[in-house]
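Structure file coords_36.cif with mmCIF, C-alpha atoms:
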```cif
data_start
#
loop_
_atom_site.group_PDB
_atom_site.id
_atom_site.type_symbol
_atom_site.label_atom_id
_atom_site.label_comp_id
_atom_site.auth_asym_id
_atom_site.auth_seq_id
_atom_site.Cartn_x
_atom_site.Cartn_y
_atom_site.Cartn_z
ATOM 1 C CA MET A 857 -7.774 32.293 2.898
ATOM 2 C CA SER A 858 -9.609 33.783 5.843
ATOM 3 C CA GLU A 859 -9.196 32.559 9.413
ATOM 4 C CA LEU A 860 -12.839 31.391 9.541
ATOM 5 C CA ALA A 861 -12.550 29.334 6.338
ATOM 6 C CA LEU A 862 -9.338 27.703 7.539
ATOM 7 C CA THR A 863 -10.909 26.810 10.898
ATOM 8 C CA LEU A 864 -13.990 25.312 9.191
ATOM 9 C CA LEU A 865 -11.753 23.305 6.857
ATOM 10 C CA ARG A 866 -9.793 21.941 9.830
ATOM 11 C CA LEU A 867 -12.997 21.006 11.696
ATOM 12 C CA GLY A 868 -14.411 19.322 8.595
ATOM 13 C CA PHE A 869 -11.236 17.294 8.168
ATOM 14 C CA LEU A 870 -11.320 16.312 11.853
ATOM 15 C CA PHE A 871 -14.966 15.256 11.521
ATOM 16 C CA LEU A 872 -14.180 13.073 8.479
ATOM 17 C CA LEU A 873 -11.253 11.522 10.321
ATOM 18 C CA TRP A 874 -13.497 10.538 13.250
ATOM 19 C CA VAL A 875 -16.140 9.114 10.888
ATOM 20 C CA PHE A 876 -13.424 6.953 9.317
ATOM 21 C CA VAL A 877 -12.236 5.757 12.754
ATOM 22 C CA PHE A 878 -15.790 4.786 13.785
ATOM 23 C CA LEU A 879 -16.329 2.905 10.503
ATOM 24 C CA VAL A 880 -13.119 0.941 11.007
ATOM 25 C CA VAL A 881 -13.989 0.090 14.622
ATOM 26 C CA SER A 882 -17.510 -1.039 13.678
ATOM 27 C CA ALA A 883 -16.142 -3.229 10.879
ATOM 28 C CA LEU A 884 -13.674 -4.833 13.295
ATOM 29 C CA ARG A 885 -16.416 -5.484 15.863
ATOM 30 C CA ARG A 886 -18.617 -7.053 13.211
ATOM 31 C CA ASP A 887 -15.782 -9.303 11.974
ATOM 32 C CA LEU A 888 -14.694 -10.406 15.436
ATOM 33 C CA ALA A 889 -18.172 -11.092 16.812
ATOM 34 C CA ALA A 890 -19.210 -14.734 16.883
ATOM 35 C CA PRO A 891 -22.277 -15.632 14.840
ATOM 36 C CA SER A 892 -25.456 -15.875 16.882
ATOM 37 C CA SER A 893 -26.056 -19.435 15.667
ATOM 38 C CA SER A 894 -22.656 -20.687 16.832
ATOM 39 C CA PRO A 895 -22.713 -23.866 18.886
ATOM 40 C CA VAL A 896 -21.820 -23.647 22.561
ATOM 41 C CA ALA A 897 -21.030 -27.306 23.131
ATOM 42 C CA GLY A 898 -21.420 -30.594 21.349
ATOM 43 C CA LEU A 899 -21.799 -31.069 17.636
ATOM 44 C CA ALA A 900 -23.492 -28.693 15.251
ATOM 45 C CA VAL A 901 -24.631 -29.273 11.718
ATOM 46 C CA ALA A 902 -23.194 -26.649 9.395
ATOM 47 C CA GLY A 903 -25.252 -25.088 6.637
ATOM 48 C CA GLN A 904 -28.841 -24.085 6.151
ATOM 49 C CA GLY A 905 -30.300 -27.533 5.461
ATOM 50 C CA GLY A 906 -32.673 -28.806 8.108
ATOM 51 C CA PRO A 907 -32.537 -32.133 9.918
ATOM 52 C CA ARG A 908 -33.988 -33.961 6.901
ATOM 53 C CA THR A 909 -31.120 -32.831 4.661
ATOM 54 C CA SER A 910 -28.448 -33.602 7.247
ATOM 55 C CA ARG A 911 -29.813 -37.151 7.834
ATOM 56 C CA ARG A 912 -29.867 -37.857 4.127
ATOM 57 C CA LYS A 913 -26.293 -36.597 3.705
ATOM 58 C CA ALA A 914 -25.121 -38.451 6.821
ATOM 59 C CA LYS A 915 -26.030 -41.778 5.145
ATOM 60 C CA GLN A 916 -23.544 -41.052 2.372
ATOM 61 C CA THR A 917 -20.068 -41.759 3.591
ATOM 62 C CA ALA A 918 -17.209 -39.737 2.234
ATOM 63 C CA SER A 919 -14.285 -41.704 0.865
ATOM 64 C CA LYS A 920 -11.920 -38.851 0.016
ATOM 65 C CA LEU A 921 -10.985 -35.287 0.850
ATOM 66 C CA VAL A 922 -10.287 -33.142 -2.221
ATOM 67 C CA VAL A 923 -8.440 -29.808 -2.304
ATOM 68 C CA ILE A 924 -10.428 -27.586 -4.692
ATOM 69 C CA GLU A 925 -8.640 -24.226 -4.196
ATOM 70 C CA GLY A 926 -5.149 -23.223 -3.162
ATOM 71 C CA ASN A 927 -1.586 -24.292 -3.850
ATOM 72 C CA LEU A 928 -2.431 -28.001 -3.548
ATOM 73 C CA SER A 929 -5.487 -27.843 -5.832
ATOM 74 C CA GLY A 930 -6.361 -31.309 -7.125
ATOM 75 C CA THR A 931 -4.806 -33.187 -4.196
ATOM 76 C CA VAL A 932 -6.911 -36.145 -3.044
ATOM 77 C CA ILE A 933 -6.590 -37.703 0.424
ATOM 78 C CA PRO A 934 -8.313 -41.063 0.945
ATOM 79 C CA LEU A 935 -10.353 -41.185 4.144
ATOM 80 C CA GLY A 936 -10.441 -44.099 6.543
ATOM 81 C CA SER A 937 -11.162 -44.330 10.234
ATOM 82 C CA SER A 938 -8.269 -42.139 11.377
ATOM 83 C CA PRO A 939 -8.468 -38.362 11.809
ATOM 84 C CA VAL A 940 -7.032 -35.973 9.223
ATOM 85 C CA THR A 941 -5.090 -32.976 10.528
ATOM 86 C CA MET A 942 -4.482 -29.923 8.374
ATOM 87 C CA GLY A 943 -1.933 -27.167 8.846
ATOM 88 C CA ARG A 944 1.588 -26.005 8.060
ATOM 89 C CA ALA A 945 3.383 -28.421 10.408
ATOM 90 C CA ALA A 946 5.239 -31.348 8.844
ATOM 91 C CA ASP A 947 3.386 -33.889 11.015
ATOM 92 C CA CYS A 948 -0.048 -32.925 9.599
ATOM 93 C CA THR A 949 -1.848 -35.268 7.215
ATOM 94 C CA LEU A 950 -2.428 -32.406 4.754
ATOM 95 C CA VAL A 951 0.557 -30.041 4.926
ATOM 96 C CA LEU A 952 -0.531 -26.625 3.655
ATOM 97 C CA ASP A 953 1.869 -24.138 2.109
ATOM 98 C CA ASP A 954 -0.377 -21.253 3.130
ATOM 99 C CA ASP A 955 0.625 -18.161 5.101
ATOM 100 C CA TYR A 956 -2.914 -17.867 6.501
ATOM 101 C CA ALA A 957 -2.956 -21.390 7.954
ATOM 102 C CA SER A 958 -1.692 -22.179 11.455
ATOM 103 C CA SER A 959 0.801 -24.967 12.127
ATOM 104 C CA HIS A 960 -1.972 -27.238 13.453
ATOM 105 C CA HIS A 961 -5.030 -25.529 12.006
ATOM 106 C CA CYS A 962 -7.904 -28.010 12.158
ATOM 107 C CA ARG A 963 -8.797 -31.663 12.488
ATOM 108 C CA LEU A 964 -11.340 -33.745 10.565
ATOM 109 C CA TYR A 965 -12.459 -36.981 12.206
ATOM 110 C CA PRO A 966 -15.222 -39.588 11.755
ATOM 111 C CA HIS A 967 -18.065 -39.620 14.285
ATOM 112 C CA GLU A 968 -21.301 -41.659 13.960
ATOM 113 C CA ASN A 969 -21.266 -42.035 10.137
ATOM 114 C CA ALA A 970 -20.355 -38.376 9.616
ATOM 115 C CA TRP A 971 -17.170 -36.342 9.383
ATOM 116 C CA VAL A 972 -16.664 -33.688 12.038
ATOM 117 C CA VAL A 973 -14.342 -30.700 11.686
ATOM 118 C CA GLU A 974 -12.784 -29.026 14.706
ATOM 119 C CA ASP A 975 -10.660 -25.879 14.754
ATOM 120 C CA LEU A 976 -7.469 -26.361 16.772
ATOM 121 C CA GLY A 977 -7.129 -22.764 17.962
ATOM 122 C CA SER A 978 -6.045 -21.304 14.644
ATOM 123 C CA THR A 979 -5.382 -17.593 14.262
ATOM 124 C CA ASN A 980 -7.482 -16.942 11.150
ATOM 125 C CA GLY A 981 -10.189 -19.515 11.825
ATOM 126 C CA THR A 982 -11.700 -22.417 9.949
ATOM 127 C CA TRP A 983 -14.782 -21.699 7.841
ATOM 128 C CA ILE A 984 -17.583 -23.871 6.447
ATOM 129 C CA ASP A 985 -19.172 -21.829 3.667
ATOM 130 C CA ARG A 986 -19.370 -18.422 5.418
ATOM 131 C CA THR A 987 -19.757 -19.770 8.951
ATOM 132 C CA ARG A 988 -16.793 -19.844 11.319
ATOM 133 C CA VAL A 989 -16.211 -23.164 13.057
ATOM 134 C CA THR A 990 -16.295 -22.491 16.803
ATOM 135 C CA GLY A 991 -16.678 -26.064 18.013
ATOM 136 C CA PRO A 992 -16.939 -29.582 16.613
ATOM 137 C CA THR A 993 -19.169 -29.239 13.532
ATOM 138 C CA VAL A 994 -20.471 -31.873 11.120
ATOM 139 C CA LEU A 995 -19.123 -31.328 7.605
ATOM 140 C CA ALA A 996 -21.617 -32.390 4.941
ATOM 141 C CA MET A 997 -20.642 -33.799 1.558
ATOM 142 C CA GLY A 998 -19.726 -31.089 -0.934
ATOM 143 C CA GLN A 999 -19.570 -28.252 1.603
ATOM 144 C CA PRO A 1000 -16.463 -26.099 1.147
ATOM 145 C CA LEU A 1001 -14.127 -26.038 4.150
ATOM 146 C CA ARG A 1002 -11.828 -22.987 4.027
ATOM 147 C CA ILE A 1003 -8.461 -23.012 5.779
ATOM 148 C CA GLY A 1004 -6.665 -19.775 4.913
ATOM 149 C CA ARG A 1005 -6.547 -19.659 1.108
ATOM 150 C CA THR A 1006 -7.058 -23.414 0.790
ATOM 151 C CA VAL A 1007 -10.517 -24.911 0.254
ATOM 152 C CA VAL A 1008 -11.266 -28.628 0.667
ATOM 153 C CA GLU A 1009 -14.449 -30.677 0.463
ATOM 154 C CA LEU A 1010 -15.630 -34.208 1.152
ATOM 155 C CA ARG A 1011 -16.527 -36.429 -1.813
ATOM 156 C CA THR A 1012 -17.550 -40.024 -2.352
#
```
Written as structure tokens, how would this file's structure read?
Amino acid sequence: MSELALTLLRLGFLFLLWVFVFLVVSALRRDLAAPSSSPVAGLAVAGQGGPRTSRRKAKQTASKLVVIEGNLSGTVIPLGSSPVTMGRAADCTLVLDDDYASSHHCRLYPHENAWVVEDLGSTNGTWIDRTRVTGPTVLAMGQPLRIGRTVVELRT
């Protein structure tokens, strides 16, 4: 192989390596960036439904929390007036056997005829549908709440 061909092959490989590095960095930036619709303070209503939908769903009160995906699939937790904590710690209401859940991952508590979810500084985040919970957020009936590999939802 000639010297010129070898040099061009090396430069081409170097170019492809840098393209790969830039793609990885851009994917990381996109994943770590907060959504533009994230709440700054106070409560936010999760999901795409407008105020009319959220008012209608707020009238329905949830009576149980059901695990629909994960190791504890099928587990039902009755809801009352006390908060529900979820995580790997033994003192949590719902103890998750999930490597992607933090010890005290999130908290679900009643507030003005609605249930509000709050992330407790977890590493991998708490997600409602495909939206990351960045502050106290109202969880509507039937919306999936993802904690690591575990998914729960409110039901009547």
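Going from atom CA of Val923 of chain A over to atom CA of Cys948 of chain A, you cover 14.9 Å.
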Point to revise | Picked residues, the PyMOL selection byres ((chain A and resi 995) around 7), as a list in words | key: Ala902, Trp971, Val972, Val973, Thr993, Val994, Ala996, Met997 and Gln999 of chain A
Check your understanding: On this structure, which residues satisfy the PyMOL selection byres ((chain A and resi 1003) around 7), written as a PyMOL selection string?
Key -> chain A and resi 957+982-983+1001-1002+1004-1007
Practice item. Go through the shown structure with the PyMOL selection byres ((chain A and resi 950) around 10) and write out the matching residues as a VMD selection string. Key: chain A and resid 921 923 928 931 to 933 940 to 949 951 to 953
Check your understanding: How far is it from atom CA of His967 of chain A to atom CA of Ser919 of chain A, in Å with one decimal?
Key -> 14.1 Å
